[in-house]
Amino acid sequence: MQLCCDRPNQIACGVAALAYRFETAPEQAGRLFVSLISTFPDRVALFIERAALSCAALPTKAERHTFRNQIAGRLSASDLAIFDELMSTEWRRLRGK
């Protein structure tokens with residue numbers, strides 16, 4: 001991924017692009033997520049947090065599982081556990097459970 005602005009703006013663009021992808025083409029969000037964590041390895045926690053919040057908002061369990069399956073092999077076990085916890089917490093919050 002190549003962006004033509006300074007690093008903070010690149011990260012902000014990446015976060016916005018990830019949110020947009022979840023809204024418009026969730027089946028492609030996993031590929032973008034993987035690209036973002038490769039491009040910004042020092043910001044993995046930020047992208048995990050944003051992805052977890054967006055993933056939790058997906059309407060179907062199948063969509064949520066598809067995204068998780070796309071990223072599972074690209075995250076460490078501890079990062080995946082953090083994603084799972086954040087996503088589950090947000091899912092419960094959104095659904096009032």
# chains A, B, ... in the order shown; residues from 1 in each chain; ligands from 1

call {"tool": "residues_around", "arguments": {"residues": "A:Ser88", "least_positions_apart": "3", "cutoff": "10 Å", "atoms": "only C-alpha atoms", "output": "list in words"}}
result
Ala52, Leu53, Cys55, Ala56, Ile82, Phe83, Asp84, Glu85, Trp91, Arg92, Arg93 and Leu94 of chain A

call {"tool": "write_last_selection", "arguments": {"atoms": "C-alpha atoms", "output": "PDB file, in the first residue's frame"}}
result
ATOM      1  CA  ALA A  52     -13.110  -5.490  15.999  1.00  0.00           C
ATOM      2  CA  LEU A  53     -15.596  -2.634  16.342  1.00  0.00           C
ATOM      3  CA  CYS A  55     -16.661  -6.521  12.563  1.00  0.00           C
ATOM      4  CA  ALA A  56     -19.046  -6.592  15.525  1.00  0.00           C
ATOM      5  CA  ILE A  82      -7.554  -9.386  21.830  1.00  0.00           C
ATOM      6  CA  PHE A  83      -9.539  -9.056  18.589  1.00  0.00           C
ATOM      7  CA  ASP A  84     -11.990 -11.742  19.757  1.00  0.00           C
ATOM      8  CA  GLU A  85     -12.501 -10.083  23.144  1.00  0.00           C
ATOM      9  CA  TRP A  91     -21.210  -7.213  19.669  1.00  0.00           C
ATOM     10  CA  ARG A  92     -22.893  -7.530  23.088  1.00  0.00           C
ATOM     11  CA  ARG A  93     -22.968  -3.748  23.525  1.00  0.00           C
ATOM     12  CA  LEU A  94     -24.547  -3.183  20.112  1.00  0.00           C
TER      13      LEU A  94
END

call {"tool": "residues_around", "arguments": {"residues": "stretch 26-34 of chain A", "least_positions_apart": "2", "cutoff": "6 Å", "atoms": "only C-alpha atoms", "output": "MDAnalysis selection string"}}
result
chainID A and resid 21:22 36:37 67 70:71

call {"tool": "write_last_selection", "arguments": {"atoms": "N, CA and C atoms", "output": "short mmCIF file (atom, residue, chain, number, x, y, z; two decimals), in the first residue's frame"}}
result
data_model
loop_
_atom_site.label_atom_id
_atom_site.label_comp_id
_atom_site.auth_asym_id
_atom_site.auth_seq_id
_atom_site.Cartn_x
_atom_site.Cartn_y
_atom_site.Cartn_z
N ARG A 21 -14.58 0.03 3.96
CA ARG A 21 -14.63 -1.31 3.36
C ARG A 21 -15.61 -2.21 4.11
N PHE A 22 -15.64 -2.10 5.43
CA PHE A 22 -16.61 -2.88 6.20
C PHE A 22 -18.04 -2.51 5.81
N LEU A 36 -2.92 -3.37 5.83
CA LEU A 36 -2.66 -2.29 6.78
C LEU A 36 -1.70 -2.71 7.88
N ILE A 37 -1.87 -3.91 8.43
CA ILE A 37 -0.96 -4.32 9.51
C ILE A 37 0.43 -4.62 8.97
N PHE A 67 -14.73 -12.64 8.10
CA PHE A 67 -13.65 -11.68 8.37
C PHE A 67 -12.62 -12.28 9.31
N GLN A 70 -10.31 -14.61 7.67
CA GLN A 70 -9.35 -13.95 6.78
C GLN A 70 -8.14 -13.41 7.53
N ILE A 71 -8.32 -13.05 8.80
CA ILE A 71 -7.22 -12.44 9.54
C ILE A 71 -6.54 -13.40 10.51
#

call {"tool": "select_by_dssp", "arguments": {"residues": "chain A", "states": "alpha helix (DSSP H)", "output": "PDB file with N, CA and C atoms, in the first residue's frame"}}
result
ATOM      1  N   ARG A   7       2.851  10.331   7.728  1.00  0.00           N
ATOM      2  CA  ARG A   7       2.483   9.088   8.410  1.00  0.00           C
ATOM      3  C   ARG A   7       1.183   9.184   9.221  1.00  0.00           C
ATOM      4  N   PRO A   8       0.984  10.194  10.071  1.00  0.00           N
ATOM      5  CA  PRO A   8      -0.284  10.257  10.808  1.00  0.00           C
ATOM      6  C   PRO A   8      -1.505  10.292   9.883  1.00  0.00           C
ATOM      7  N   ASN A   9      -1.377  11.011   8.781  1.00  0.00           N
ATOM      8  CA  ASN A   9      -2.485  11.056   7.823  1.00  0.00           C
ATOM      9  C   ASN A   9      -2.647   9.728   7.099  1.00  0.00           C
ATOM     10  N   GLN A  10      -1.546   9.038   6.849  1.00  0.00           N
ATOM     11  CA  GLN A  10      -1.627   7.713   6.235  1.00  0.00           C
ATOM     12  C   GLN A  10      -2.399   6.758   7.141  1.00  0.00           C
ATOM     13  N   ILE A  11      -2.090   6.804   8.433  1.00  0.00           N
ATOM     14  CA  ILE A  11      -2.776   5.929   9.388  1.00  0.00           C
ATOM     15  C   ILE A  11      -4.255   6.286   9.448  1.00  0.00           C
ATOM     16  N   ALA A  12      -4.564   7.573   9.505  1.00  0.00           N
ATOM     17  CA  ALA A  12      -5.966   8.006   9.521  1.00  0.00           C
ATOM     18  C   ALA A  12      -6.687   7.559   8.253  1.00  0.00           C
ATOM     19  N   CYS A  13      -6.020   7.661   7.117  1.00  0.00           N
ATOM     20  CA  CYS A  13      -6.610   7.199   5.854  1.00  0.00           C
ATOM     21  C   CYS A  13      -6.846   5.694   5.896  1.00  0.00           C
ATOM     22  N   GLY A  14      -5.900   4.963   6.458  1.00  0.00           N
ATOM     23  CA  GLY A  14      -6.052   3.515   6.577  1.00  0.00           C
ATOM     24  C   GLY A  14      -7.233   3.136   7.447  1.00  0.00           C
ATOM     25  N   VAL A  15      -7.383   3.811   8.580  1.00  0.00           N
ATOM     26  CA  VAL A  15      -8.515   3.552   9.479  1.00  0.00           C
ATOM     27  C   VAL A  15      -9.830   3.856   8.764  1.00  0.00           C
ATOM     28  N   ALA A  16      -9.882   4.992   8.078  1.00  0.00           N
ATOM     29  CA  ALA A  16     -11.101   5.370   7.350  1.00  0.00           C
ATOM     30  C   ALA A  16     -11.400   4.384   6.224  1.00  0.00           C
ATOM     31  N   ALA A  17     -10.365   3.965   5.511  1.00  0.00           N
ATOM     32  CA  ALA A  17     -10.563   3.006   4.419  1.00  0.00           C
ATOM     33  C   ALA A  17     -11.078   1.673   4.948  1.00  0.00           C
ATOM     34  N   LEU A  18     -10.571   1.250   6.098  1.00  0.00           N
ATOM     35  CA  LEU A  18     -11.032  -0.006   6.686  1.00  0.00           C
ATOM     36  C   LEU A  18     -12.509   0.092   7.081  1.00  0.00           C
ATOM     37  N   ALA A  19     -12.890   1.185   7.723  1.00  0.00           N
ATOM     38  CA  ALA A  19     -14.296   1.374   8.098  1.00  0.00           C
ATOM     39  C   ALA A  19     -15.185   1.396   6.858  1.00  0.00           C
ATOM     40  N   TYR A  20     -14.741   2.101   5.827  1.00  0.00           N
ATOM     41  CA  TYR A  20     -15.514   2.174   4.587  1.00  0.00           C
ATOM     42  C   TYR A  20     -15.654   0.795   3.949  1.00  0.00           C
ATOM     43  N   ARG A  21     -14.584   0.027   3.957  1.00  0.00           N
ATOM     44  CA  ARG A  21     -14.626  -1.312   3.364  1.00  0.00           C
ATOM     45  C   ARG A  21     -15.610  -2.206   4.112  1.00  0.00           C
ATOM     46  N   PHE A  22     -15.640  -2.100   5.432  1.00  0.00           N
ATOM     47  CA  PHE A  22     -16.611  -2.880   6.202  1.00  0.00           C
ATOM     48  C   PHE A  22     -18.039  -2.507   5.808  1.00  0.00           C
ATOM     49  N   GLU A  23     -18.271  -1.236   5.538  1.00  0.00           N
ATOM     50  CA  GLU A  23     -19.610  -0.772   5.180  1.00  0.00           C
ATOM     51  C   GLU A  23     -20.005  -1.147   3.760  1.00  0.00           C
ATOM     52  N   THR A  24     -19.067  -1.119   2.841  1.00  0.00           N
ATOM     53  CA  THR A  24     -19.418  -1.274   1.430  1.00  0.00           C
ATOM     54  C   THR A  24     -19.074  -2.626   0.828  1.00  0.00           C
ATOM     55  N   ALA A  29     -12.730  -6.695   3.452  1.00  0.00           N
ATOM     56  CA  ALA A  29     -12.116  -6.023   4.603  1.00  0.00           C
ATOM     57  C   ALA A  29     -10.908  -6.780   5.141  1.00  0.00           C
ATOM     58  N   GLY A  30     -10.943  -8.089   5.098  1.00  0.00           N
ATOM     59  CA  GLY A  30      -9.820  -8.872   5.606  1.00  0.00           C
ATOM     60  C   GLY A  30      -8.537  -8.609   4.844  1.00  0.00           C
ATOM     61  N   ARG A  31      -8.641  -8.534   3.533  1.00  0.00           N
ATOM     62  CA  ARG A  31      -7.448  -8.261   2.717  1.00  0.00           C
ATOM     63  C   ARG A  31      -6.875  -6.874   3.026  1.00  0.00           C
ATOM     64  N   LEU A  32      -7.756  -5.889   3.177  1.00  0.00           N
ATOM     65  CA  LEU A  32      -7.280  -4.550   3.507  1.00  0.00           C
ATOM     66  C   LEU A  32      -6.640  -4.544   4.893  1.00  0.00           C
ATOM     67  N   PHE A  33      -7.267  -5.209   5.849  1.00  0.00           N
ATOM     68  CA  PHE A  33      -6.715  -5.289   7.203  1.00  0.00           C
ATOM     69  C   PHE A  33      -5.297  -5.861   7.171  1.00  0.00           C
ATOM     70  N   VAL A  34      -5.121  -6.954   6.462  1.00  0.00           N
ATOM     71  CA  VAL A  34      -3.803  -7.592   6.359  1.00  0.00           C
ATOM     72  C   VAL A  34      -2.793  -6.631   5.733  1.00  0.00           C
ATOM     73  N   SER A  35      -3.210  -5.916   4.711  1.00  0.00           N
ATOM     74  CA  SER A  35      -2.332  -4.936   4.079  1.00  0.00           C
ATOM     75  C   SER A  35      -1.957  -3.823   5.056  1.00  0.00           C
ATOM     76  N   LEU A  36      -2.922  -3.367   5.829  1.00  0.00           N
ATOM     77  CA  LEU A  36      -2.662  -2.286   6.780  1.00  0.00           C
ATOM     78  C   LEU A  36      -1.698  -2.709   7.880  1.00  0.00           C
ATOM     79  N   ILE A  37      -1.874  -3.909   8.431  1.00  0.00           N
ATOM     80  CA  ILE A  37      -0.963  -4.316   9.507  1.00  0.00           C
ATOM     81  C   ILE A  37       0.433  -4.617   8.967  1.00  0.00           C
ATOM     82  N   SER A  38       0.525  -4.964   7.694  1.00  0.00           N
ATOM     83  CA  SER A  38       1.846  -5.144   7.072  1.00  0.00           C
ATOM     84  C   SER A  38       2.517  -3.795   6.828  1.00  0.00           C
ATOM     85  N   THR A  39       1.722  -2.817   6.435  1.00  0.00           N
ATOM     86  CA  THR A  39       2.241  -1.483   6.145  1.00  0.00           C
ATOM     87  C   THR A  39       2.588  -0.719   7.420  1.00  0.00           C
ATOM     88  N   VAL A  44      -0.525  -2.186  14.865  1.00  0.00           N
ATOM     89  CA  VAL A  44      -1.395  -3.367  14.815  1.00  0.00           C
ATOM     90  C   VAL A  44      -2.526  -3.248  15.830  1.00  0.00           C
ATOM     91  N   ALA A  45      -2.217  -2.803  17.045  1.00  0.00           N
ATOM     92  CA  ALA A  45      -3.249  -2.694  18.085  1.00  0.00           C
ATOM     93  C   ALA A  45      -4.379  -1.758  17.654  1.00  0.00           C
ATOM     94  N   LEU A  46      -4.032  -0.645  17.032  1.00  0.00           N
ATOM     95  CA  LEU A  46      -5.048   0.297  16.551  1.00  0.00           C
ATOM     96  C   LEU A  46      -5.951  -0.361  15.515  1.00  0.00           C
ATOM     97  N   PHE A  47      -5.352  -1.047  14.554  1.00  0.00           N
ATOM     98  CA  PHE A  47      -6.154  -1.669  13.505  1.00  0.00           C
ATOM     99  C   PHE A  47      -6.968  -2.845  14.040  1.00  0.00           C
ATOM    100  N   ILE A  48      -6.446  -3.558  15.034  1.00  0.00           N
ATOM    101  CA  ILE A  48      -7.227  -4.628  15.667  1.00  0.00           C
ATOM    102  C   ILE A  48      -8.461  -4.031  16.327  1.00  0.00           C
ATOM    103  N   GLU A  49      -8.259  -2.948  17.068  1.00  0.00           N
ATOM    104  CA  GLU A  49      -9.388  -2.305  17.748  1.00  0.00           C
ATOM    105  C   GLU A  49     -10.445  -1.842  16.748  1.00  0.00           C
ATOM    106  N   ARG A  50     -10.038  -1.146  15.710  1.00  0.00           N
ATOM    107  CA  ARG A  50     -10.997  -0.632  14.725  1.00  0.00           C
ATOM    108  C   ARG A  50     -11.684  -1.759  13.972  1.00  0.00           C
ATOM    109  N   ALA A  51     -10.935  -2.787  13.631  1.00  0.00           N
ATOM    110  CA  ALA A  51     -11.521  -3.924  12.919  1.00  0.00           C
ATOM    111  C   ALA A  51     -12.519  -4.654  13.804  1.00  0.00           C
ATOM    112  N   ALA A  52     -12.204  -4.798  15.084  1.00  0.00           N
ATOM    113  CA  ALA A  52     -13.110  -5.490  15.999  1.00  0.00           C
ATOM    114  C   ALA A  52     -14.435  -4.743  16.125  1.00  0.00           C
ATOM    115  N   LEU A  53     -14.369  -3.430  16.227  1.00  0.00           N
ATOM    116  CA  LEU A  53     -15.596  -2.634  16.342  1.00  0.00           C
ATOM    117  C   LEU A  53     -16.433  -2.740  15.072  1.00  0.00           C
ATOM    118  N   SER A  54     -15.786  -2.641  13.929  1.00  0.00           N
ATOM    119  CA  SER A  54     -16.513  -2.737  12.661  1.00  0.00           C
ATOM    120  C   SER A  54     -17.035  -4.144  12.419  1.00  0.00           C
ATOM    121  N   CYS A  55     -16.244  -5.132  12.756  1.00  0.00           N
ATOM    122  CA  CYS A  55     -16.661  -6.521  12.563  1.00  0.00           C
ATOM    123  C   CYS A  55     -17.896  -6.828  13.412  1.00  0.00           C
ATOM    124  N   ALA A  56     -17.909  -6.348  14.638  1.00  0.00           N
ATOM    125  CA  ALA A  56     -19.046  -6.592  15.525  1.00  0.00           C
ATOM    126  C   ALA A  56     -20.341  -6.022  14.960  1.00  0.00           C
ATOM    127  N   LYS A  61     -23.672 -13.476  11.453  1.00  0.00           N
ATOM    128  CA  LYS A  61     -22.590 -14.263  12.043  1.00  0.00           C
ATOM    129  C   LYS A  61     -21.643 -14.756  10.952  1.00  0.00           C
ATOM    130  N   ALA A  62     -22.194 -15.129   9.816  1.00  0.00           N
ATOM    131  CA  ALA A  62     -21.366 -15.615   8.706  1.00  0.00           C
ATOM    132  C   ALA A  62     -20.379 -14.542   8.253  1.00  0.00           C
ATOM    133  N   GLU A  63     -20.828 -13.292   8.155  1.00  0.00           N
ATOM    134  CA  GLU A  63     -19.927 -12.203   7.754  1.00  0.00           C
ATOM    135  C   GLU A  63     -18.829 -11.994   8.795  1.00  0.00           C
ATOM    136  N   ARG A  64     -19.207 -12.042  10.068  1.00  0.00           N
ATOM    137  CA  ARG A  64     -18.211 -11.867  11.129  1.00  0.00           C
ATOM    138  C   ARG A  64     -17.186 -12.992  11.096  1.00  0.00           C
ATOM    139  N   HIS A  65     -17.641 -14.223  10.906  1.00  0.00           N
ATOM    140  CA  HIS A  65     -16.722 -15.361  10.861  1.00  0.00           C
ATOM    141  C   HIS A  65     -15.838 -15.314   9.614  1.00  0.00           C
ATOM    142  N   THR A  66     -16.388 -14.867   8.500  1.00  0.00           N
ATOM    143  CA  THR A  66     -15.589 -14.750   7.280  1.00  0.00           C
ATOM    144  C   THR A  66     -14.431 -13.785   7.499  1.00  0.00           C
ATOM    145  N   PHE A  67     -14.729 -12.635   8.101  1.00  0.00           N
ATOM    146  CA  PHE A  67     -13.654 -11.678   8.367  1.00  0.00           C
ATOM    147  C   PHE A  67     -12.618 -12.280   9.311  1.00  0.00           C
ATOM    148  N   ARG A  68     -13.067 -12.880  10.390  1.00  0.00           N
ATOM    149  CA  ARG A  68     -12.130 -13.458  11.360  1.00  0.00           C
ATOM    150  C   ARG A  68     -11.245 -14.512  10.696  1.00  0.00           C
ATOM    151  N   ASN A  69     -11.844 -15.336   9.856  1.00  0.00           N
ATOM    152  CA  ASN A  69     -11.066 -16.371   9.172  1.00  0.00           C
ATOM    153  C   ASN A  69     -10.005 -15.765   8.254  1.00  0.00           C
ATOM    154  N   GLN A  70     -10.306 -14.607   7.669  1.00  0.00           N
ATOM    155  CA  GLN A  70      -9.348 -13.950   6.778  1.00  0.00           C
ATOM    156  C   GLN A  70      -8.138 -13.408   7.534  1.00  0.00           C
ATOM    157  N   ILE A  71      -8.325 -13.046   8.795  1.00  0.00           N
ATOM    158  CA  ILE A  71      -7.218 -12.439   9.542  1.00  0.00           C
ATOM    159  C   ILE A  71      -6.543 -13.397  10.511  1.00  0.00           C
ATOM    160  N   ALA A  72      -7.165 -14.517  10.805  1.00  0.00           N
ATOM    161  CA  ALA A  72      -6.671 -15.417  11.853  1.00  0.00           C
ATOM    162  C   ALA A  72      -5.223 -15.834  11.637  1.00  0.00           C
ATOM    163  N   ALA A  77      -1.382 -15.332  18.289  1.00  0.00           N
ATOM    164  CA  ALA A  77      -2.469 -15.866  19.121  1.00  0.00           C
ATOM    165  C   ALA A  77      -2.958 -14.809  20.109  1.00  0.00           C
ATOM    166  N   SER A  78      -2.042 -14.048  20.686  1.00  0.00           N
ATOM    167  CA  SER A  78      -2.462 -13.031  21.653  1.00  0.00           C
ATOM    168  C   SER A  78      -3.209 -11.886  20.972  1.00  0.00           C
ATOM    169  N   ASP A  79      -2.766 -11.472  19.777  1.00  0.00           N
ATOM    170  CA  ASP A  79      -3.485 -10.422  19.049  1.00  0.00           C
ATOM    171  C   ASP A  79      -4.866 -10.901  18.616  1.00  0.00           C
ATOM    172  N   LEU A  80      -4.972 -12.154  18.204  1.00  0.00           N
ATOM    173  CA  LEU A  80      -6.272 -12.695  17.812  1.00  0.00           C
ATOM    174  C   LEU A  80      -7.201 -12.775  19.023  1.00  0.00           C
ATOM    175  N   ALA A  81      -6.662 -13.132  20.178  1.00  0.00           N
ATOM    176  CA  ALA A  81      -7.476 -13.170  21.402  1.00  0.00           C
ATOM    177  C   ALA A  81      -7.977 -11.773  21.760  1.00  0.00           C
ATOM    178  N   ILE A  82      -7.131 -10.772  21.583  1.00  0.00           N
ATOM    179  CA  ILE A  82      -7.554  -9.386  21.830  1.00  0.00           C
ATOM    180  C   ILE A  82      -8.666  -9.005  20.863  1.00  0.00           C
ATOM    181  N   PHE A  83      -8.494  -9.326  19.580  1.00  0.00           N
ATOM    182  CA  PHE A  83      -9.539  -9.056  18.589  1.00  0.00           C
ATOM    183  C   PHE A  83     -10.847  -9.721  19.015  1.00  0.00           C
ATOM    184  N   ASP A  84     -10.783 -11.001  19.371  1.00  0.00           N
ATOM    185  CA  ASP A  84     -11.990 -11.742  19.757  1.00  0.00           C
ATOM    186  C   ASP A  84     -12.686 -11.094  20.948  1.00  0.00           C
ATOM    187  N   GLU A  85     -11.915 -10.701  21.947  1.00  0.00           N
ATOM    188  CA  GLU A  85     -12.501 -10.083  23.144  1.00  0.00           C
ATOM    189  C   GLU A  85     -13.139  -8.736  22.809  1.00  0.00           C
ATOM    190  N   LEU A  86     -12.426  -7.904  22.064  1.00  0.00           N
ATOM    191  CA  LEU A  86     -12.982  -6.602  21.681  1.00  0.00           C
ATOM    192  C   LEU A  86     -14.226  -6.756  20.815  1.00  0.00           C
ATOM    193  N   MET A  87     -14.176  -7.673  19.870  1.00  0.00           N
ATOM    194  CA  MET A  87     -15.313  -7.881  18.976  1.00  0.00           C
ATOM    195  C   MET A  87     -16.518  -8.397  19.758  1.00  0.00           C
ATOM    196  N   SER A  88     -16.308  -9.350  20.644  1.00  0.00           N
ATOM    197  CA  SER A  88     -17.413  -9.905  21.433  1.00  0.00           C
ATOM    198  C   SER A  88     -18.027  -8.856  22.350  1.00  0.00           C
ATOM    199  N   THR A  89     -17.184  -8.052  22.973  1.00  0.00           N
ATOM    200  CA  THR A  89     -17.677  -6.989  23.857  1.00  0.00           C
ATOM    201  C   THR A  89     -18.516  -5.988  23.073  1.00  0.00           C
ATOM    202  N   GLU A  90     -18.038  -5.589  21.910  1.00  0.00           N
ATOM    203  CA  GLU A  90     -18.782  -4.634  21.083  1.00  0.00           C
ATOM    204  C   GLU A  90     -20.059  -5.261  20.542  1.00  0.00           C
ATOM    205  N   TRP A  91     -20.014  -6.522  20.162  1.00  0.00           N
ATOM    206  CA  TRP A  91     -21.210  -7.213  19.669  1.00  0.00           C
ATOM    207  C   TRP A  91     -22.296  -7.204  20.745  1.00  0.00           C
ATOM    208  N   ARG A  92     -21.920  -7.533  21.981  1.00  0.00           N
ATOM    209  CA  ARG A  92     -22.893  -7.530  23.088  1.00  0.00           C
ATOM    210  C   ARG A  92     -23.419  -6.118  23.345  1.00  0.00           C
ATOM    211  N   ARG A  93     -22.544  -5.131  23.294  1.00  0.00           N
ATOM    212  CA  ARG A  93     -22.968  -3.748  23.525  1.00  0.00           C
ATOM    213  C   ARG A  93     -23.966  -3.299  22.457  1.00  0.00           C
ATOM    214  N   LEU A  94     -23.667  -3.593  21.208  1.00  0.00           N
ATOM    215  CA  LEU A  94     -24.547  -3.183  20.112  1.00  0.00           C
ATOM    216  C   LEU A  94     -25.915  -3.850  20.180  1.00  0.00           C
TER     217      LEU A  94
END

call {"tool": "decode", "arguments": {"residues": "stretch 60-79 of chain A", "atoms": "N, CA and C atoms", "output": "compact mmCIF listing (two decimals), in the first residue's frame"}}
result
# COMPACT_ATOMS: atom_id res chain seq x y z
N THR A 60 -24.48 -10.27 10.07
CA THR A 60 -24.64 -11.72 10.19
C THR A 60 -23.41 -12.38 10.80
N LYS A 61 -23.67 -13.48 11.45
CA LYS A 61 -22.59 -14.26 12.04
C LYS A 61 -21.64 -14.76 10.95
N ALA A 62 -22.19 -15.13 9.82
CA ALA A 62 -21.37 -15.62 8.71
C ALA A 62 -20.38 -14.54 8.25
N GLU A 63 -20.83 -13.29 8.15
CA GLU A 63 -19.93 -12.20 7.75
C GLU A 63 -18.83 -11.99 8.79
N ARG A 64 -19.21 -12.04 10.07
CA ARG A 64 -18.21 -11.87 11.13
C ARG A 64 -17.19 -12.99 11.10
N HIS A 65 -17.64 -14.22 10.91
CA HIS A 65 -16.72 -15.36 10.86
C HIS A 65 -15.84 -15.31 9.61
N THR A 66 -16.39 -14.87 8.50
CA THR A 66 -15.59 -14.75 7.28
C THR A 66 -14.43 -13.79 7.50
N PHE A 67 -14.73 -12.64 8.10
CA PHE A 67 -13.65 -11.68 8.37
C PHE A 67 -12.62 -12.28 9.31
N ARG A 68 -13.07 -12.88 10.39
CA ARG A 68 -12.13 -13.46 11.36
C ARG A 68 -11.25 -14.51 10.70
N ASN A 69 -11.84 -15.34 9.86
CA ASN A 69 -11.07 -16.37 9.17
C ASN A 69 -10.00 -15.76 8.25
N GLN A 70 -10.31 -14.61 7.67
CA GLN A 70 -9.35 -13.95 6.78
C GLN A 70 -8.14 -13.41 7.53
N ILE A 71 -8.32 -13.05 8.80
CA ILE A 71 -7.22 -12.44 9.54
C ILE A 71 -6.54 -13.40 10.51
N ALA A 72 -7.17 -14.52 10.80
CA ALA A 72 -6.67 -15.42 11.85
C ALA A 72 -5.22 -15.83 11.64
N GLY A 73 -4.84 -16.17 10.44
CA GLY A 73 -3.49 -16.62 10.17
C GLY A 73 -2.45 -15.51 10.14
N ARG A 74 -2.92 -14.27 10.18
CA ARG A 74 -2.00 -13.12 10.07
C ARG A 74 -1.71 -12.47 11.41
N LEU A 75 -2.43 -12.87 12.46
CA LEU A 75 -2.22 -12.30 13.79
C LEU A 75 -1.62 -13.34 14.72
N SER A 76 -0.87 -12.88 15.70
CA SER A 76 -0.38 -13.79 16.73
C SER A 76 -1.58 -14.27 17.54
N ALA A 77 -1.38 -15.33 18.29
CA ALA A 77 -2.47 -15.87 19.12
C ALA A 77 -2.96 -14.81 20.11
N SER A 78 -2.04 -14.05 20.69
CA SER A 78 -2.46 -13.03 21.65
C SER A 78 -3.21 -11.89 20.97
N ASP A 79 -2.77 -11.47 19.78
CA ASP A 79 -3.48 -10.42 19.05
C ASP A 79 -4.87 -10.90 18.62
